[in-house]
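Structure, as structure tokens:
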Protein chains: 2
Amino acid sequence: MEISEIGEFGLIDRLTKNLPKFNESTLKSVGDDAAVMSYPESDVLVTTDMLLEGVHFDLTYMPLKHLGYKSAVVNFSDIYAMGGTPRQITVGLGISARFSVEHIEALFAGIRLACEIYGVDLVGGDTTGSHSGLVISVTCIGDVAKGQAIGRDTARDTDLICVSGDLGAAYMGLQLLEREKVASAGDKNFVPRFEGKEYLVERQLKPEARRDIIEALRKHDIHPTSMIDISDGLSSELLHICKMSNTGCRVYEDRIPIDYQTAVMAEELNMNLVTAAMNGGEDYELLFTVPLHMHDTVSKIDGIKVIGHITKPELGCAMVTRDGTEIPLRAQGFNHMAPVEEIDPEGGKSAD
Amino acid sequence: MEISEIGEFGLIDRLTKNLPKFNESTLKSVGDDAAVMSYPESDVLVTTDMLLEGVHFDLTYMPLKHLGYKSAVVNFSDIYAMGGTPRQITVGLGISARFSVEHIEALFAGIRLACEIYGVDLVGGDTTGSHSGLVISVTCIGDVAKGQAIGRDTARDTDLICVSGDLGAAYMGLQLLEREKVASAGDKNFVPRFEGKEYLVERQLKPEARRDIIEALRKHDIHPTSMIDISDGLSSELLHICKMSNTGCRVYEDRIPIDYQTAVMAEELNMNLVTAAMNGGEDYELLFTVPLHMHDTVSKIDGIKVIGHITKPELGCAMVTRDGTEIPLRAQGFNHMAPVEEIDPEGGKSAD
């Protein structure tokens with residue numbers, strides 16, 4: 001069905017029908033000039049992310065439902081990275097003429113699924129036509145106990161550096177998807193080869209936010225001294241924490257958590273595995289610091305690994321390799337602001 | 001200066017340098033995964049608007065500073081339309097390669113000027129490259145006394161319908177700008193003819209949100225029974241209120257406030273003046289209802305006009321013309337979801 005058949009208001013009605021409500025803080029949802037919320041007992045968090053077609057996603061291999069899911073989850077991840085709980089989102093959509101009502105419903109099905117799984121209320125948004133590709137802008141509101149938001153500027157010398165999950169898989173998933181796209185050469189009947197690499201594809205197409213880690217930290221009464229989510233790569237995020245906290249750091253190469261599939265893929269593509277883990281983006285794992293005396297407590301928690309420690313600022317930021325060499329950290333994360341490549345209308349963008 | 005010379009983080013640093021703080025509710029601003037706010041005593045409002053190049057604005061005649069100002073102000077207007085006060089905004093930007101650092105600084109100068117004038121804090125955002133035009137997504141957070149947010153679904157039979165300012169000028173300004181753009185035919189030395197029509201141009205390029213009206217209503221202890229801001233045209237907004245409140249309405253043609261310049265322009269373009277006032281968009285005036293007994297109080301306030309009244313639903317929604325004929329209201333507001341025209345790369349888009 002063409003969107004013009006039902007118009008903007010008709011589309012919004014369809015997308016927001018029977019919205020559930022998970023949070024008491026949501027007083028009034030979609031359908032007015034603004035949503036209304038109540039936060040008398042906690043601090044309020046707000047974060048926003050914009051995803052543009054051709055820059056952040058490629059609809060050749062990104063199903064719309066996954067895209068919707070991911071655009072919500074990456075915002076939830078930012079709220080968890082403050083030690084908070086996501087509660088509400090608003091969704092801004094720019095839709096070009098090639099999208100049908102069913103396409104946008106698939107996108108919203110993903111957004112609504114993410115909201116259901118994470119207990120977040122969809123409370124508002126804006127829907128408009130676009131002359132170019134699909135534009136998605138999600139804003140997430142969350143809460144955190146008063147004064148307990150965890151920033152990036154409060155890491156201290158001797159703190160332990162911890163990371164959740166494993167790193168580099170989402171980046172390797174992107175490489176794999178790009179490789180198969182090139183191999184398909186636009187052939188609709190092409191069957192991509194993902195056997196034994198399902199984890200990589202899933203990490204790229206359907207990332208999760210680490211609510212479980214936040215809950216585990218709360219359960220063990222661990223309040224990190226600083227925290228950030230890994231969207232641009234471990235190096236880049238570590239440098240943010242150290243710059244803002246005015247510290248240095250040491251992380252140990254042999255402690256960086258890497259999945260087996262990530263290693264196999266790096267081998268296949270003849271890429272440096274540690275570079276992928278340190279600089280590949282979109283892991284959405286949590287990077288945080290805890291006081292040194294918490295070593296035993298934090299080490300025991302499933303899915304958390306101690307990978308290094310904070311130092312005095314004059315020592316700089318470095319990774320210590322297996323043979324003891326110190327390599328200064330550099331931010332080589334995704335740079336969406338770099339001059340953009342021309343998009344080949346045939347869809348044959350080469351893998352970087 | 002090319003944006004790639006300083007990168008995303010360099011650009012953000014420049015744009016967010018020396019941000020003032022106007023509101024106590026702003027605890028932590030730009031520079032973390034999320035901004036932190038505190039709203040213990042009031043309800044929290046959130047609204048979002050997306051503006052896309054070629055759909056919502058045309059940089060041929062819209063200076064970037066004005067565009068920044070407008071993208072902030074249209075969000076403030078939504079918060080005022082709930083009876084609230086805007087407090088914080090986040091700004092998502094998609095920037096294509098043809099924009100320089102200076103361009104984006106001009107855009108931000110407009111956003112920051114609007115924030116300064118309206119006392120709003122810029123607390124976060126997201127900046128990314130775009131393969132197509134400029135994309136702006138602003139989310140505004142505001143507050144309102146507990147339980148006092150003014151919705152659209154609470155107008156009652158016999159309530160008076162009031163409107164602030166005058167209508168149709170922004171739409172006529174758009175027609176004027178489009179006419180001069182066509183007349184210029186891309187000639188850089190062309191001097192557009194705006195004499196005697198400055199008000200129309202200003203209403204289109206630099207709209208204001210009606211904080212003064214909200215303050216006047218508070219001062220006179222008037223709590224509207226419903227309120228909405230006029231972004232899609234008076235007809236469309238009246239229909240929203242009546243549909244959601246399950247009422248009908250009558251508005252009187254001879255009471256619709258119209259500026260002299262708007263009337264002159266309509267005459268010049270041979271357009272129906274009342275249609276422009278009823279259906280032209282982007283006025284950002286406030287439309288609200290008050291109980292009948294408040295007639296004398298509300299009539300005395302500068303800049304507010306009583307234009308009709310709410311009726312029982314079975315009477316439907318209509319405008320009463322000067323000769324007493326009733327014409328049913330129809331929403332003919334801007335439809336950004338209609339199939340989009342092709343953009344002529346020479347810039348010669350015809351006025352609709």
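In the structure tokens, the first chain shown is A, the next is B, and so on; residue numbers restart at 1 for each chain, and ligands run from 1 in the order shown.
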| message | Residues of range 53-296 of chain B classed as strand (DSSP E or B) by DSSP on the backbone are to be reported as a PyMOL selection string. | response | chain B and resi 53+57+85-95+100+121-129+135-145+160-164+226-230+248-252+285-290
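The shell of residues at most 10 Å from Gly147 in chain A, with only C-alpha atoms counted and near chain neighbours (fewer than 4 positions) removed, consists of Ser42 and Asp43 of chain A; Leu27, Val36, Met37 and Ser38 of chain B.
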Prev. selection, N, CA, C and O atoms, output as a PDB file, in the first residue's frame:
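Dumped everything to again-v1.pdb:
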```pdb
ATOM      1  N   SER A  42      13.612  10.469  40.754  1.00  0.00           N
ATOM      2  CA  SER A  42      14.896  10.105  40.158  1.00  0.00           C
ATOM      3  C   SER A  42      15.386  11.190  39.207  1.00  0.00           C
ATOM      4  O   SER A  42      14.649  12.107  38.868  1.00  0.00           O
ATOM      5  N   ASP A  43      16.634  11.077  38.787  1.00  0.00           N
ATOM      6  CA  ASP A  43      17.134  11.969  37.745  1.00  0.00           C
ATOM      7  C   ASP A  43      16.700  11.425  36.386  1.00  0.00           C
ATOM      8  O   ASP A  43      16.447  10.232  36.234  1.00  0.00           O
TER       9      ASP A  43
ATOM     10  N   LEU B  27      21.361  19.048  34.896  1.00  0.00           N
ATOM     11  CA  LEU B  27      22.452  18.654  35.783  1.00  0.00           C
ATOM     12  C   LEU B  27      23.728  18.391  35.001  1.00  0.00           C
ATOM     13  O   LEU B  27      24.816  18.729  35.423  1.00  0.00           O
ATOM     14  N   VAL B  36      21.832  14.579  31.834  1.00  0.00           N
ATOM     15  CA  VAL B  36      21.154  14.266  33.091  1.00  0.00           C
ATOM     16  C   VAL B  36      20.355  15.485  33.547  1.00  0.00           C
ATOM     17  O   VAL B  36      20.865  16.603  33.545  1.00  0.00           O
ATOM     18  N   MET B  37      19.097  15.249  33.924  1.00  0.00           N
ATOM     19  CA  MET B  37      18.224  16.325  34.360  1.00  0.00           C
ATOM     20  C   MET B  37      17.479  15.925  35.630  1.00  0.00           C
ATOM     21  O   MET B  37      17.441  14.745  35.964  1.00  0.00           O
ATOM     22  N   SER B  38      16.897  16.912  36.277  1.00  0.00           N
ATOM     23  CA  SER B  38      16.148  16.621  37.499  1.00  0.00           C
ATOM     24  C   SER B  38      14.811  17.348  37.476  1.00  0.00           C
ATOM     25  O   SER B  38      14.771  18.566  37.300  1.00  0.00           O
TER      26      SER B  38
END
```
| task | Please return, as a count of residues only, all residues of chain A lying within 7 Å of chain B when only C-alpha atoms are considered. | result | 47
| field | Selection: 7 Å around Leu167 in chain B, only C-alpha atoms, excl. self and same-chain fewer than 6 positions, as number ranges by chain | value | B: 257-258, 277, 283
Can those selected residues be exported to a file as a compact mmCIF listing (two decimals), in the first residue's frame so that it contains N, CA, C and O atoms?
```txt
# COMPACT_ATOMS: atom_id res chain seq x y z
N PRO B 257 -8.00 36.29 12.39
CA PRO B 257 -7.06 37.42 12.37
C PRO B 257 -6.09 37.30 11.19
O PRO B 257 -5.40 36.29 11.04
N ILE B 258 -6.04 38.32 10.36
CA ILE B 258 -5.19 38.31 9.18
C ILE B 258 -4.46 39.64 9.07
O ILE B 258 -5.08 40.70 9.21
N ALA B 277 -5.37 31.62 5.19
CA ALA B 277 -5.36 31.76 6.65
C ALA B 277 -5.80 30.47 7.34
O ALA B 277 -5.29 30.11 8.40
N ASP B 283 2.32 28.80 11.03
CA ASP B 283 2.09 30.04 11.76
C ASP B 283 2.69 30.00 13.17
O ASP B 283 3.10 31.01 13.70
```
| task | Could you give me, as a PyMOL selection string, the residues within 7 Å of Ala209 in chain B, counting only C-alpha atoms and dropping anything in the same chain fewer than 5 positions from it? | result | chain B and resi 73-74+76-77+284
| request: Please provide the set of residues having any atom within 10 Å of range 154-157 of chain B, restricted to only C-alpha atoms, with same-chain residues fewer than 5 positions apart removed, written as a ChimeraX atom specification. | output: /B:224-227,241-242,244-249,288-292,309-313
| said: Give me, as a list in words, all polymer residues having an atom no more than 10 Å from Ser235 in chain A, counting only C-alpha atoms and skipping those fewer than 6 positions away in the same chain. | reply: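 So, after excluding close chain neighbours, the residues are Val251, Thr275, Ala277, Met278, Asn279, Gly280, Gly281, Cys317, Ala318, Met319, Pro328, Leu329, Arg330, Ala331, Gln332 and Gly333 of chain A.
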Store the residues picked out above in a file with C-alpha atoms, as an mmCIF file, in the first residue's frame.
```cif
data_model
loop_
_atom_site.group_PDB
_atom_site.id
_atom_site.type_symbol
_atom_site.label_atom_id
_atom_site.label_comp_id
_atom_site.auth_asym_id
_atom_site.auth_seq_id
_atom_site.Cartn_x
_atom_site.Cartn_y
_atom_site.Cartn_z
ATOM 1 C CA VAL A 251 45.002 -2.533 28.738
ATOM 2 C CA THR A 275 42.853 -4.101 15.578
ATOM 3 C CA ALA A 277 38.609 -5.838 18.503
ATOM 4 C CA MET A 278 40.146 -2.495 19.552
ATOM 5 C CA ASN A 279 38.784 -0.330 16.739
ATOM 6 C CA GLY A 280 35.794 -2.128 15.214
ATOM 7 C CA GLY A 281 32.610 -0.323 16.134
ATOM 8 C CA CYS A 317 47.074 5.485 27.217
ATOM 9 C CA ALA A 318 48.525 2.262 25.869
ATOM 10 C CA MET A 319 47.871 -1.374 25.088
ATOM 11 C CA PRO A 328 49.805 3.999 22.326
ATOM 12 C CA LEU A 329 46.026 3.868 21.863
ATOM 13 C CA ARG A 330 44.603 5.744 18.925
ATOM 14 C CA ALA A 331 40.990 6.378 18.080
ATOM 15 C CA GLN A 332 40.373 4.732 14.755
ATOM 16 C CA GLY A 333 36.687 4.234 15.281
#
```
| request: Could you please determine the separation between CA of Gly68 in chain A and CA of Phe99 in chain B in Å, to one decimal place? | output: 28.7 Å
| said: Just want the 9 Å neighbourhood of Val298 in chain B, counted on only C-alpha atoms, with same-chain residues fewer than 5 positions away dropped. Output as number ranges by chain. | reply: B: 162, 217, 220, 222, 290, 304-306
Atoms kept (all heavy atoms) for selection, written as a PDB file, in the first residue's frame:
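Below you can see out-v7.pdb, which holds the result:
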```
ATOM      1  N   CYS B 162     -10.112  30.314  20.831  1.00  0.00           N
ATOM      2  CA  CYS B 162      -9.259  31.501  20.756  1.00  0.00           C
ATOM      3  C   CYS B 162      -8.009  31.198  19.943  1.00  0.00           C
ATOM      4  O   CYS B 162      -7.534  30.064  19.904  1.00  0.00           O
ATOM      5  CB  CYS B 162      -8.808  31.927  22.157  1.00  0.00           C
ATOM      6  SG  CYS B 162     -10.146  32.107  23.327  1.00  0.00           S
ATOM      7  N   LEU B 217      -1.639  34.275  29.735  1.00  0.00           N
ATOM      8  CA  LEU B 217      -2.714  33.414  30.245  1.00  0.00           C
ATOM      9  C   LEU B 217      -2.494  33.112  31.728  1.00  0.00           C
ATOM     10  O   LEU B 217      -3.428  33.163  32.535  1.00  0.00           O
ATOM     11  CB  LEU B 217      -2.772  32.103  29.442  1.00  0.00           C
ATOM     12  CG  LEU B 217      -3.225  32.227  27.978  1.00  0.00           C
ATOM     13  CD1 LEU B 217      -3.090  30.894  27.258  1.00  0.00           C
ATOM     14  CD2 LEU B 217      -4.669  32.735  27.894  1.00  0.00           C
ATOM     15  N   HIS B 220      -3.328  36.110  33.910  1.00  0.00           N
ATOM     16  CA  HIS B 220      -4.765  36.331  34.063  1.00  0.00           C
ATOM     17  C   HIS B 220      -5.480  35.114  34.635  1.00  0.00           C
ATOM     18  O   HIS B 220      -6.704  35.038  34.621  1.00  0.00           O
ATOM     19  CB  HIS B 220      -5.393  36.718  32.720  1.00  0.00           C
ATOM     20  CG  HIS B 220      -5.007  38.081  32.263  1.00  0.00           C
ATOM     21  ND1 HIS B 220      -3.841  38.343  31.575  1.00  0.00           N
ATOM     22  CD2 HIS B 220      -5.618  39.281  32.425  1.00  0.00           C
ATOM     23  CE1 HIS B 220      -3.766  39.632  31.312  1.00  0.00           C
ATOM     24  NE2 HIS B 220      -4.828  40.235  31.820  1.00  0.00           N
ATOM     25  N   ILE B 222      -5.874  32.177  33.535  1.00  0.00           N
ATOM     26  CA  ILE B 222      -6.696  31.437  32.573  1.00  0.00           C
ATOM     27  C   ILE B 222      -6.033  30.098  32.286  1.00  0.00           C
ATOM     28  O   ILE B 222      -4.879  30.060  31.852  1.00  0.00           O
ATOM     29  CB  ILE B 222      -6.842  32.220  31.248  1.00  0.00           C
ATOM     30  CG1 ILE B 222      -7.548  33.555  31.507  1.00  0.00           C
ATOM     31  CG2 ILE B 222      -7.595  31.397  30.202  1.00  0.00           C
ATOM     32  CD1 ILE B 222      -7.552  34.477  30.304  1.00  0.00           C
ATOM     33  N   VAL B 290     -11.343  28.092  25.982  1.00  0.00           N
ATOM     34  CA  VAL B 290     -11.547  28.487  27.385  1.00  0.00           C
ATOM     35  C   VAL B 290     -13.041  28.415  27.686  1.00  0.00           C
ATOM     36  O   VAL B 290     -13.864  28.519  26.763  1.00  0.00           O
ATOM     37  CB  VAL B 290     -11.029  29.926  27.671  1.00  0.00           C
ATOM     38  CG1 VAL B 290      -9.534  30.039  27.440  1.00  0.00           C
ATOM     39  CG2 VAL B 290     -11.771  30.956  26.822  1.00  0.00           C
ATOM     40  N   ILE B 304      -4.753  38.113  21.487  1.00  0.00           N
ATOM     41  CA  ILE B 304      -5.629  36.940  21.503  1.00  0.00           C
ATOM     42  C   ILE B 304      -6.988  37.333  20.933  1.00  0.00           C
ATOM     43  O   ILE B 304      -7.533  38.390  21.278  1.00  0.00           O
ATOM     44  CB  ILE B 304      -5.817  36.381  22.936  1.00  0.00           C
ATOM     45  CG1 ILE B 304      -4.487  35.841  23.471  1.00  0.00           C
ATOM     46  CG2 ILE B 304      -6.886  35.271  22.961  1.00  0.00           C
ATOM     47  CD1 ILE B 304      -4.556  35.261  24.866  1.00  0.00           C
ATOM     48  N   LYS B 305      -7.529  36.493  20.086  1.00  0.00           N
ATOM     49  CA  LYS B 305      -8.828  36.794  19.496  1.00  0.00           C
ATOM     50  C   LYS B 305      -9.756  35.588  19.649  1.00  0.00           C
ATOM     51  O   LYS B 305      -9.342  34.448  19.422  1.00  0.00           O
ATOM     52  CB  LYS B 305      -8.638  37.120  18.013  1.00  0.00           C
ATOM     53  CG  LYS B 305      -9.813  37.843  17.435  1.00  0.00           C
ATOM     54  CD  LYS B 305      -9.432  38.757  16.298  1.00  0.00           C
ATOM     55  CE  LYS B 305     -10.707  39.306  15.676  1.00  0.00           C
ATOM     56  NZ  LYS B 305     -10.470  39.893  14.373  1.00  0.00           N
ATOM     57  N   VAL B 306     -10.999  35.855  20.045  1.00  0.00           N
ATOM     58  CA  VAL B 306     -12.008  34.797  20.096  1.00  0.00           C
ATOM     59  C   VAL B 306     -12.574  34.636  18.691  1.00  0.00           C
ATOM     60  O   VAL B 306     -13.057  35.611  18.106  1.00  0.00           O
ATOM     61  CB  VAL B 306     -13.137  35.150  21.089  1.00  0.00           C
ATOM     62  CG1 VAL B 306     -14.218  34.059  21.076  1.00  0.00           C
ATOM     63  CG2 VAL B 306     -12.576  35.325  22.497  1.00  0.00           C
TER      64      VAL B 306
END
```
| message | Please identify the helix (DSSP H, G or I) residues within range 3-94 of chain B (assignment by DSSP from backbone atoms) and present them as a VMD selection string. | response | chain B and resid 3 to 15 64 to 80
| query | Taking only C-alpha atoms into account, which of A:Ala72, A:Ala169, A:Ile214, A:Leu200 comes nearest Leu287 in chain A? | reply |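 Ranked by minimum distance to Leu287 in chain A, first place goes to A:Ile214.
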| Which residue out of A:Gln175, A:Gln204, A:Ser184, A:Thr16 has the minimum interatomic distance to Ile111 in chain A when only C-alpha atoms are used? | A:Thr16
| query | Between CA of Ser164 in chain B and CA of Glu282 in chain B, what is the spacing in Å? | reply |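 Computed distance, CA of Glu282 in chain B to CA of Ser164 in chain B, equals 13.4 Å.
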